[in-house]
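The structure file start-v9.txt is reproduced below (compact mmCIF, C-alpha atoms).
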```
# COMPACT_ATOMS: atom_id res chain seq x y z
CA MET E 8 -28.67 19.69 2.88
CA LYS E 9 -25.52 20.91 4.56
CA ILE E 10 -22.50 18.70 3.87
CA SER E 11 -19.73 19.04 6.45
CA LEU E 12 -16.48 17.22 5.73
CA LYS E 13 -13.18 17.01 7.59
CA TYR E 14 -10.39 18.93 5.92
CA ALA E 15 -6.93 19.67 7.33
CA LYS E 16 -7.51 20.29 11.06
CA THR E 17 -10.95 21.74 10.51
CA LYS E 18 -14.09 21.15 8.44
CA GLN E 19 -15.48 22.49 5.19
CA ILE E 20 -19.14 22.94 4.47
CA ALA E 21 -21.15 23.05 1.25
CA GLU E 22 -24.81 22.87 0.33
CA ILE E 23 -26.06 20.01 -1.83
CA PRO E 24 -29.85 19.59 -2.10
CA GLU E 25 -30.99 16.42 -0.35
CA SER E 26 -32.85 15.26 -3.46
CA HIS E 27 -29.50 14.87 -5.24
CA ILE E 28 -27.83 12.78 -2.54
CA GLN E 29 -27.72 9.15 -3.55
CA GLU E 30 -25.73 7.88 -0.59
CA ILE E 31 -23.45 8.98 2.20
CA ILE E 32 -20.82 6.28 2.23
CA GLU E 33 -19.84 5.81 5.87
CA GLY E 34 -17.09 3.56 7.22
CA ASN E 35 -17.92 0.21 8.76
CA SER E 36 -18.26 0.32 12.50
CA VAL E 37 -15.97 -2.32 13.85
CA VAL E 38 -16.42 -3.35 17.44
CA ASN E 39 -13.19 -4.60 18.88
CA SER E 40 -12.88 -5.10 22.59
CA LYS E 41 -9.36 -6.56 22.38
CA THR E 42 -6.20 -4.60 22.98
CA GLU E 43 -3.49 -4.45 20.34
CA GLU E 44 -1.35 -6.71 22.53
CA GLN E 45 -4.10 -9.32 22.76
CA ILE E 46 -4.63 -9.26 18.99
CA ILE E 47 -0.92 -9.86 18.34
CA ASP E 48 -0.63 -12.61 20.98
CA GLU E 49 -3.70 -14.45 19.70
CA ALA E 50 -2.52 -14.38 16.09
CA LEU E 51 0.92 -15.73 17.04
CA ALA E 52 -0.66 -18.44 19.19
CA ASN E 53 -3.04 -19.53 16.41
CA PRO E 54 -1.15 -19.63 13.14
CA ILE E 55 -3.11 -20.50 10.01
CA ASP E 56 -1.98 -23.60 8.07
CA SER E 57 1.38 -23.50 9.80
CA PRO E 58 3.11 -24.77 12.93
CA LYS E 59 3.70 -22.24 15.69
CA ILE E 60 7.08 -20.55 15.77
CA SER E 61 8.05 -22.79 18.70
CA ASP E 62 7.43 -25.89 16.56
CA LEU E 63 9.07 -24.44 13.48
CA ILE E 64 12.45 -23.56 14.91
CA HIS E 65 14.74 -26.37 16.04
CA PRO E 66 18.04 -24.84 17.11
CA GLY E 67 19.85 -28.17 17.07
CA GLU E 68 19.17 -28.90 13.42
CA LYS E 69 21.94 -28.77 10.90
CA ASN E 70 21.86 -25.63 8.84
CA LEU E 71 20.85 -26.00 5.24
CA CYS E 72 21.33 -22.98 3.06
CA ARG E 73 18.15 -22.07 1.17
CA TYR E 74 19.89 -22.15 -2.17
CA SER E 75 22.81 -24.04 -3.66
CA MET G 29 25.90 -21.04 11.60
CA LYS G 30 22.18 -21.52 11.73
CA LYS G 31 20.28 -18.31 11.28
CA THR G 32 16.74 -17.16 11.11
CA CYS G 33 15.94 -14.06 9.07
CA VAL G 34 13.07 -11.81 10.09
CA VAL G 35 11.94 -9.47 7.32
CA ILE G 36 10.34 -6.29 8.63
CA PRO G 37 8.80 -3.29 6.83
CA ASP G 38 10.73 -0.06 6.33
CA PHE G 39 10.35 3.42 7.78
CA THR G 40 7.65 4.40 5.26
CA ARG G 41 5.44 1.77 6.89
CA THR G 42 5.59 2.74 10.56
CA TRP G 43 1.77 2.61 10.58
CA GLN G 44 2.20 -1.17 10.72
CA LYS G 45 3.52 -0.76 14.27
CA CYS G 46 6.43 -3.13 13.88
CA SER G 47 7.80 -1.89 17.23
CA LEU G 48 4.72 -3.41 18.88
CA TYR G 49 4.67 -6.87 17.35
CA LEU G 50 8.37 -7.53 16.67
CA PRO G 51 9.40 -7.85 20.35
CA LYS G 52 6.73 -10.55 20.77
CA LEU G 53 7.84 -12.41 17.68
CA ILE G 54 11.52 -12.23 18.65
CA ALA G 55 10.61 -13.40 22.17
CA GLN G 56 9.03 -16.51 20.62
CA LEU G 57 12.20 -17.17 18.63
CA ASN G 58 14.24 -16.81 21.81
CA ALA G 59 11.85 -19.13 23.64
CA ALA G 60 12.32 -21.69 20.87
CA GLY G 61 16.01 -21.68 21.71
CA LEU G 62 17.50 -19.08 19.37
CA GLU G 63 20.07 -16.63 20.68
CA ASP G 64 19.93 -13.07 19.39
CA ALA G 65 23.09 -13.91 17.41
CA ASP G 66 21.10 -16.57 15.51
CA ILE G 67 18.64 -13.96 14.26
CA ILE G 68 19.08 -11.32 11.58
CA ILE G 69 16.57 -8.59 10.84
CA ILE G 70 16.33 -7.25 7.29
CA SER G 71 14.24 -4.18 6.54
CA ALA G 72 12.32 -4.74 3.30
CA THR G 73 13.07 -1.40 1.70
CA GLY G 74 12.14 -2.58 -1.79
CA THR G 75 13.53 0.21 -3.95
CA HIS G 76 13.43 2.82 -1.16
CA ARG G 77 16.53 4.53 0.23
CA MET G 78 18.76 3.28 3.04
CA GLN G 79 17.65 4.35 6.51
CA THR G 80 19.27 6.15 9.41
CA ALA G 81 20.00 4.67 12.84
CA ASP G 82 17.26 6.89 14.28
CA GLU G 83 14.75 5.53 11.79
CA HIS G 84 15.77 1.98 12.66
CA ARG G 85 15.24 2.76 16.32
CA ILE G 86 11.75 4.13 15.72
CA LEU G 87 10.92 1.15 13.51
CA ILE G 88 11.71 -1.58 16.04
CA GLY G 89 11.70 0.30 19.36
CA ASP G 90 14.48 1.03 21.85
CA GLU G 91 14.67 -2.38 23.48
CA LEU G 92 15.29 -4.28 20.23
CA ALA G 93 17.41 -1.49 18.76
CA ASN G 94 19.83 -1.97 21.65
CA ARG G 95 20.09 -5.70 20.86
CA PHE G 96 19.96 -5.87 17.07
CA GLU G 97 21.43 -4.11 14.08
CA ILE G 98 18.90 -3.79 11.28
CA LEU G 99 20.19 -4.65 7.83
CA ASP G 100 18.64 -2.50 5.10
CA HIS G 101 17.89 -4.31 1.88
CA ASP G 102 19.82 -2.60 -0.92
CA CYS G 103 18.11 -3.36 -4.23
CA ARG G 104 21.01 -1.94 -6.26
CA ASP G 105 23.73 -4.04 -4.62
CA ASN G 106 23.74 -6.70 -7.35
CA GLU G 107 26.65 -8.62 -5.81
CA ASN G 108 24.52 -9.40 -2.80
CA HIS G 109 21.54 -10.95 -4.54
CA VAL G 110 21.02 -14.56 -5.54
CA TYR G 111 18.97 -15.85 -8.45
CA VAL G 112 16.07 -18.06 -7.31
CA GLY G 113 14.11 -18.55 -10.55
CA THR G 114 12.21 -16.90 -13.39
CA THR G 115 8.44 -16.45 -13.12
CA SER G 116 5.95 -17.37 -15.84
CA PHE G 117 5.78 -13.61 -16.53
CA GLY G 118 9.50 -13.55 -17.32
CA THR G 119 10.63 -11.84 -14.12
CA ARG G 120 14.14 -12.97 -13.14
CA VAL G 121 13.85 -13.10 -9.37
CA MET G 122 16.97 -11.97 -7.52
CA ILE G 123 16.71 -12.02 -3.71
CA ASP G 124 18.84 -10.52 -0.95
CA ARG G 125 21.64 -13.06 -0.34
CA ARG G 126 21.64 -12.49 3.41
CA ALA G 127 18.04 -13.71 3.66
CA MET G 128 18.62 -16.69 1.38
CA GLU G 129 21.61 -17.81 3.42
CA CYS G 130 19.35 -18.32 6.43
CA LYS G 131 17.71 -21.55 7.43
CA HIS G 132 14.37 -19.87 8.10
CA ILE G 133 12.71 -16.75 6.73
CA ILE G 134 9.88 -15.06 8.61
CA ILE G 135 8.08 -12.21 6.85
CA THR G 136 6.17 -9.48 8.67
CA GLY G 137 4.18 -6.43 7.65
CA GLY G 138 0.66 -5.11 7.25
CA ILE G 139 -2.26 -5.56 4.88
CA VAL G 140 -4.14 -2.72 3.19
CA TYR G 141 -5.72 -2.30 -0.22
CA HIS G 142 -2.99 -1.69 -2.76
CA PHE G 143 -3.44 -0.39 -6.30
CA LEU G 144 -0.95 -2.83 -7.85
CA PRO G 145 -1.24 -6.30 -6.24
CA GLY G 146 -4.77 -5.76 -4.87
CA TRP G 147 -3.70 -6.03 -1.23
CA SER G 148 -0.31 -5.34 0.36
CA GLY G 149 1.40 -7.61 2.87
CA GLY G 150 2.27 -11.31 2.53
CA LYS G 151 4.29 -11.94 -0.64
CA LYS G 152 5.12 -8.25 -0.89
CA SER G 153 7.81 -8.67 1.79
CA ILE G 154 9.70 -10.75 -0.80
CA LEU G 155 8.89 -8.84 -3.99
CA PRO G 156 9.44 -5.87 -3.89
CA GLY G 157 10.63 -6.12 -0.23
CA ILE G 158 13.96 -7.91 -0.59
CA SER G 159 14.27 -8.18 -4.40
CA SER G 160 16.73 -6.53 -6.76
CA TYR G 161 15.91 -3.30 -8.60
CA GLU G 162 15.57 -5.10 -11.96
CA THR G 163 13.24 -7.69 -10.43
CA VAL G 164 10.99 -4.99 -8.97
CA MET G 165 10.93 -2.95 -12.20
CA HIS G 166 9.97 -5.99 -14.27
CA ASN G 167 7.22 -6.89 -11.83
CA HIS G 168 5.74 -3.39 -11.55
CA GLY G 169 5.94 -2.97 -15.32
CA LEU G 170 3.36 -5.77 -15.57
CA SER G 171 0.81 -3.20 -14.37
CA LEU G 172 0.79 -1.69 -17.87
CA VAL G 173 -0.83 -3.09 -21.01
CA PRO G 174 2.03 -4.38 -23.22
CA GLU G 175 1.04 -2.12 -26.15
CA PHE G 176 2.21 1.47 -25.68
CA GLY G 177 -0.55 4.04 -25.30
CA LYS G 178 -3.01 1.75 -23.55
CA GLY G 179 -1.99 2.58 -19.99
CA VAL G 180 -2.80 0.51 -16.92
CA ARG G 181 -4.25 -3.01 -17.21
CA PRO G 182 -7.90 -2.97 -16.09
CA THR G 183 -7.29 -6.00 -13.84
CA VAL G 184 -4.57 -4.21 -11.87
CA HIS G 185 -6.35 -2.35 -9.08
CA SER G 186 -7.06 -2.36 -5.36
CA GLY G 187 -9.03 -5.34 -4.11
CA ASN G 188 -8.36 -7.59 -7.11
CA ILE G 189 -6.00 -10.53 -7.62
CA ASP G 190 -7.87 -12.25 -10.49
CA ASN G 191 -5.92 -11.96 -13.73
CA ASN G 192 -3.73 -9.47 -11.91
CA PRO G 193 -0.23 -10.20 -13.23
CA VAL G 194 1.49 -7.94 -10.68
CA TYR G 195 0.00 -10.04 -7.86
CA GLN G 196 0.57 -13.39 -9.57
CA ASP G 197 4.17 -12.53 -10.39
CA MET G 198 4.84 -11.48 -6.77
CA LEU G 199 3.32 -14.72 -5.55
CA GLU G 200 5.46 -16.82 -7.90
CA ALA G 201 8.53 -14.98 -6.62
CA ALA G 202 7.51 -15.69 -3.02
CA ASN G 203 6.97 -19.35 -3.95
CA PHE G 204 10.61 -19.58 -5.05
CA VAL G 205 11.66 -18.32 -1.61
CA LYS G 206 9.01 -20.18 0.44
CA PRO G 207 9.01 -18.08 3.61
CA ASP G 208 8.48 -20.32 6.65
CA PHE G 209 6.15 -18.03 8.56
CA MET G 210 4.24 -14.79 8.10
CA PHE G 211 2.90 -12.23 10.53
CA ASN G 212 0.75 -9.36 9.22
CA VAL G 213 -1.37 -6.72 10.94
CA ILE G 214 -4.54 -4.98 9.77
CA VAL G 215 -4.91 -1.40 10.96
CA GLY G 216 -8.20 0.31 11.86
CA HIS G 217 -9.49 3.77 10.95
CA GLU G 218 -7.80 5.39 13.93
CA GLY G 219 -4.44 3.75 13.29
CA GLN G 220 -4.81 1.04 15.93
CA ILE G 221 -4.05 -2.62 15.21
CA ALA G 222 -7.51 -4.00 14.53
CA GLY G 223 -6.53 -7.51 13.47
CA ALA G 224 -3.55 -9.77 12.88
CA VAL G 225 -2.87 -13.01 11.03
CA ALA G 226 0.02 -15.42 11.35
CA GLY G 227 1.11 -18.60 9.61
CA ASN G 228 1.19 -19.60 5.96
CA TYR G 229 2.18 -16.73 3.68
CA VAL G 230 -0.63 -17.51 1.22
CA THR G 231 -3.60 -18.70 3.26
CA ALA G 232 -3.02 -16.57 6.36
CA HIS G 233 -2.59 -13.58 4.08
CA GLU G 234 -5.89 -14.38 2.36
CA ARG G 235 -7.58 -14.39 5.76
CA GLY G 236 -6.04 -11.00 6.43
CA CYS G 237 -7.35 -9.65 3.10
CA ARG G 238 -10.88 -10.65 4.16
CA MET G 239 -10.36 -8.67 7.38
CA VAL G 240 -9.41 -5.64 5.28
CA ASP G 241 -12.59 -6.15 3.23
CA GLN G 242 -14.69 -6.23 6.40
CA LEU G 243 -12.99 -3.12 7.74
CA ASN G 244 -12.82 -0.95 4.64
CA GLY G 245 -15.02 -2.47 1.93
CA VAL G 246 -18.44 -0.79 1.74
CA LYS G 247 -21.25 -1.96 -0.53
CA ILE G 248 -22.81 1.02 -2.25
CA LYS G 249 -26.09 1.49 -4.14
CA GLY G 250 -24.29 2.52 -7.29
CA LYS G 251 -22.09 5.07 -8.97
CA ALA G 252 -23.26 8.67 -9.09
CA ASP G 253 -22.71 11.69 -11.35
CA LEU G 254 -20.81 13.43 -8.56
CA VAL G 255 -18.64 12.03 -5.81
CA VAL G 256 -17.37 14.22 -2.98
CA ALA G 257 -14.61 12.49 -1.02
CA THR G 258 -12.33 13.79 1.70
CA ALA G 259 -9.15 12.17 2.97
CA GLY G 260 -10.64 12.73 6.42
CA GLY G 261 -8.46 15.63 7.49
CA TYR G 262 -5.01 15.71 9.08
CA PRO G 263 -2.83 13.58 9.06
CA LYS G 264 -4.47 11.47 6.34
CA ASP G 265 -4.14 14.39 3.94
CA ILE G 266 -0.47 15.06 4.70
CA ASN G 267 0.72 15.00 1.08
CA PHE G 268 -0.49 14.35 -2.45
CA TYR G 269 1.30 10.97 -2.68
CA GLN G 270 -0.70 9.59 0.26
CA SER G 271 -3.89 11.10 -1.15
CA ILE G 272 -3.95 8.65 -4.07
CA LYS G 273 -6.06 6.44 -1.77
CA VAL G 274 -8.86 9.00 -1.86
CA LEU G 275 -8.85 9.04 -5.65
CA LEU G 276 -8.73 5.24 -5.92
CA ASN G 277 -11.71 4.91 -3.59
CA ALA G 278 -13.69 7.84 -4.98
CA GLU G 279 -13.37 6.78 -8.61
CA ARG G 280 -15.27 3.59 -7.73
CA ALA G 281 -18.29 5.68 -6.71
CA VAL G 282 -18.53 7.96 -9.77
CA LYS G 283 -19.79 7.32 -13.30
CA ASP G 284 -17.53 7.74 -16.32
CA GLY G 285 -18.01 11.30 -17.53
CA GLY G 286 -18.98 12.36 -14.00
CA THR G 287 -17.22 14.68 -11.58
CA ALA G 288 -15.05 13.91 -8.54
CA ILE G 289 -14.35 16.46 -5.81
CA LEU G 290 -11.38 15.29 -3.75
CA MET G 291 -10.41 17.06 -0.53
CA PHE G 292 -6.86 16.93 0.81
CA ASP G 293 -4.95 19.89 2.23
CA CYS G 294 -1.41 18.45 1.71
CA PRO G 295 0.56 20.61 4.20
CA GLU G 296 3.74 18.72 3.23
CA GLY G 297 3.26 19.24 -0.48
CA ILE G 298 3.51 16.61 -3.20
CA GLY G 299 5.52 13.91 -1.38
CA GLY G 300 6.77 10.67 -2.89
CA ASP G 301 10.06 11.03 -4.74
CA GLY G 302 10.81 13.60 -7.44
CA GLY G 303 9.15 11.38 -10.05
CA LEU G 304 5.67 12.36 -8.93
CA GLU G 305 6.08 16.11 -9.44
CA ASP G 306 8.01 15.41 -12.65
CA ILE G 307 5.26 13.38 -14.26
CA LEU G 308 2.57 15.89 -13.24
CA THR G 309 4.38 19.02 -14.30
CA ASN G 310 6.82 18.28 -17.10
CA PHE G 311 4.54 16.49 -19.56
CA SER G 312 1.41 17.64 -21.29
CA THR G 313 -0.03 14.46 -22.85
CA MET G 314 -0.90 11.07 -21.43
CA ASN G 315 1.31 9.37 -24.03
CA ASP G 316 4.34 11.38 -22.92
CA ARG G 317 3.59 10.55 -19.29
CA GLU G 318 3.20 6.86 -20.15
CA LYS G 319 6.55 6.88 -21.96
CA CYS G 320 8.21 8.42 -18.91
CA LEU G 321 6.63 5.77 -16.68
CA ARG G 322 7.63 2.87 -18.94
CA ASP G 323 11.21 4.13 -19.32
CA ALA G 324 11.84 3.78 -15.58
CA PHE G 325 8.88 2.66 -13.50
CA SER G 326 8.45 4.05 -10.01
CA ILE G 327 5.50 4.04 -7.66
CA SER G 328 5.69 7.84 -7.39
CA LYS G 329 5.43 8.21 -11.16
CA PHE G 330 2.63 5.66 -11.25
CA VAL G 331 0.66 7.72 -8.72
CA GLY G 332 1.01 10.84 -10.87
CA TYR G 333 0.23 8.97 -14.06
CA TYR G 334 -2.83 7.39 -12.49
CA PHE G 335 -4.22 10.71 -11.24
CA CYS G 336 -3.90 12.16 -14.72
CA SER G 337 -5.44 9.08 -16.34
CA VAL G 338 -8.55 9.31 -14.15
CA GLU G 339 -8.90 12.92 -15.27
CA THR G 340 -9.40 11.63 -18.83
CA ARG G 341 -12.54 9.76 -17.68
CA VAL G 342 -13.86 11.98 -14.89
CA HIS G 343 -13.70 15.74 -14.19
CA VAL G 344 -11.37 15.98 -11.20
CA ILE G 345 -11.62 18.97 -8.86
CA MET G 346 -9.31 19.03 -5.85
CA VAL G 347 -9.89 21.09 -2.72
CA THR G 348 -6.32 21.58 -1.61
CA ASN G 349 -3.59 23.95 -0.64
CA LEU G 350 -1.19 22.55 -3.27
CA ASN G 351 0.45 24.86 -5.78
CA PRO G 352 -1.77 25.13 -8.91
CA ASP G 353 1.34 25.52 -11.11
CA THR G 354 2.18 21.84 -10.50
CA PHE G 355 -1.09 20.80 -12.14
CA LYS G 356 -1.20 23.27 -15.03
CA THR G 357 -0.93 20.60 -17.74
CA THR G 358 -3.00 17.90 -16.05
CA GLY G 359 -6.55 19.13 -16.58
CA ILE G 360 -7.15 18.79 -12.83
CA ILE G 361 -8.90 21.83 -11.33
CA LEU G 362 -7.75 23.18 -7.96
CA LYS G 363 -9.98 25.06 -5.51
CA LYS G 364 -9.46 26.37 -1.98
CA THR G 365 -12.90 25.57 -0.59
CA LEU G 366 -15.52 22.87 -0.96
CA LYS G 367 -18.08 25.56 -1.73
CA GLU G 368 -16.10 26.76 -4.75
CA ALA G 369 -15.54 23.17 -5.84
CA VAL G 370 -19.27 22.39 -5.76
CA GLU G 371 -20.02 25.51 -7.83
CA GLU G 372 -17.39 24.41 -10.37
CA ALA G 373 -18.76 20.85 -10.44
CA LYS G 374 -22.24 22.14 -11.29
CA THR G 375 -20.91 23.47 -14.61
CA PHE G 376 -20.23 19.83 -15.61
CA LEU G 377 -23.27 18.17 -14.04
CA PRO G 378 -26.79 17.58 -15.38
CA ASP G 379 -29.57 19.43 -13.48
CA ASP G 380 -30.83 16.21 -11.94
CA TYR G 381 -27.40 14.95 -10.91
CA THR G 382 -26.88 12.31 -8.25
CA ALA G 383 -24.15 12.54 -5.59
CA ASN G 384 -22.22 10.11 -3.41
CA ILE G 385 -20.53 11.60 -0.34
CA MET G 386 -17.48 9.94 1.24
CA PRO G 387 -16.60 11.46 4.64
CA LEU G 388 -13.84 8.84 5.15
CA GLY G 389 -12.54 8.75 1.60
CA ALA G 390 -9.13 7.29 2.44
CA ASN G 391 -10.61 4.36 4.36
CA THR G 392 -13.80 3.37 2.54
CA PHE G 393 -13.50 1.17 -0.53
CA PRO G 394 -16.81 1.24 -2.42
CA ILE G 395 -17.99 -2.09 -3.80
CA THR G 396 -20.72 -2.07 -6.43
CA GLU G 397 -22.63 -5.28 -7.07
```

Could I get this structure in the form of structure tokens?
Amino acid sequence: MKISLKYAKTKQIAEIPESHIQEIIEGNSVVNSKTEEQIIDEALANPIDSPKISDLIHPGEKNLCRYS
Amino acid sequence: MKKTCVVIPDFTRTWQKCSLYLPKLIAQLNAAGLEDADIIIISATGTHRMQTADEHRILIGDELANRFEILDHDCRDNENHVYVGTTSFGTRVMIDRRAMECKHIIITGGIVYHFLPGWSGGKKSILPGISSYETVMHNHGLSLVPEFGKGVRPTVHSGNIDNNPVYQDMLEAANFVKPDFMFNVIVGHEGQIAGAVAGNYVTAHERGCRMVDQLNGVKIKGKADLVVATAGGYPKDINFYQSIKVLLNAERAVKDGGTAILMFDCPEGIGGDGGLEDILTNFSTMNDREKCLRDAFSISKFVGYYFCSVETRVHVIMVTNLNPDTFKTTGIILKKTLKEAVEEAKTFLPDDYTANIMPLGANTFPITE
């Protein structure tokens, strides 16, 4: 069978008999209807095992250096 | 002074689209009551070079560039690191003082398969991100078997953290620092942000790694005698350094003693730093290359070393426009066309050979049961 693969800005073709082909390893098709902006906003709004940024930062608190 | 430090990737990681997510993250800090003056942004250069103002601007976008000065982490500025602890692997962890002087540290970046810690992102913002040169070298050196001549540890590879000392050491370093918050993106085949995780730098990162698995991990029937893998054309095949991904994925789909045809044009040549070309060209045995790598570890050298080490297990034929002189001592065969490469491969293959084809070789990570 004819194998056509992307290369540079074009394609390259070679012949490999079908009987030899074990598998054509395709990428996973991922359906994502969300925009990049929505993805970022949702992640920030739903932090995992952590308070949200708004609950993490308390501007009034006394500064403690992270090391001594 | 009460400051919050936001650690962002460097210019070599613009694919993570920091300029898209950082304004949102900074806006949340502002909304929580922080002035811009309460926030510092450090670019996690690891051991990379300092960056230009133009690069900073591209990295974070015009709006933020007008409000903030980005501080580049300088791994060789020993005066400006603080000691935070020594890991169980003996790595003395020295961290950028400017980050450690802040009340809060927020780390940001992106997650992809990575050939040292299994997956990038998360803890990697701390080590190598904002660690000293010696700290990074000790950590990356854990990728090699302690006895000279034995090369890379079998547990150090993409998609694995079990018994992976590079990963575990990075995590211990991050645990000394305890970043308060993490934001990481996962990028799809076309370069778009396909997922994001925020929160705890361990568990949110793990969730992100599973997203990478779903996006790029592909269960395959088994290894074959021949694998034909292409980077997927321009710009994924821009240079040889980037093309390591194709090799790392393709080698998982080919039997030991088999043949790998790898296709990457490389219009910008070898890439990486000078160490990559050096280790390919100026040594003729694997032991000499290993010595060079151990003497002063660099990712560029590791990439070259790894390419050559695969060639000792698998016949490697590259379809590329790279200069054949660079590869004279490596055993790697260079061809201009796929047709020529297939003809060459047949001289190594049994008559009844099997073949796996990878049309998206840079983005598909074969998983065998």

### Query
Once you count all atoms listed in the file, which residues of chain E turn out to be within 6 Å of chain G? Could you give them as an MDAnalysis selection string?
chainID E and resid 12:16 21 27:32 34 43 50:51 54:57 61 66 70:73

### Query
Expressed in Å to a single decimal, how great is the separation between CA of Phe143 (chain G) and CA of Thr358 (chain G)?
20.7 Å

### Task
Quick one: everything within 12 Å of Lys152 (chain G), counting all atoms listed in the file, minus sequence neighbours fewer than 4 positions away in the same chain. Send it as a PyMOL selection string.
chain G and resi 35-37+72-74+135-140+142+144-148+156-159+164+167-168+194-203+207+210+212+229-230+233

### Task
In Å, rounded to a single decimal, give me how far CA of Lys273 (chain G) is from CA of Lys41 (chain E).
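Computing it gives 27.6 Å between the two atoms.
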
### Query
Do you know which residues are at most 12 Å from Glu305 (chain G) counting all atoms listed in the file, after dropping those on the same chain fewer than 4 positions away, and could you put them as a ChimeraX atom specification?
/G:267-269,297-301,309-311,317,328-333,335-336,350-358

### Between CA of Lys9 (chain E) and CA of Ile272 (chain G), distance in Å (one decimal)
26.3 Å

Would you compute an axis-aligned box for region 141-146 of chain G, covering every atom listed for it in the file with 3 Å of margin on each side, and report centre and edge lengths in Å to one decimal as lines of an AutoDock Vina configuration file?
```
center_x = -3.3
center_y = -3.3
center_z = -4.0
size_x = 10.8
size_y = 11.9
size_z = 13.6
```
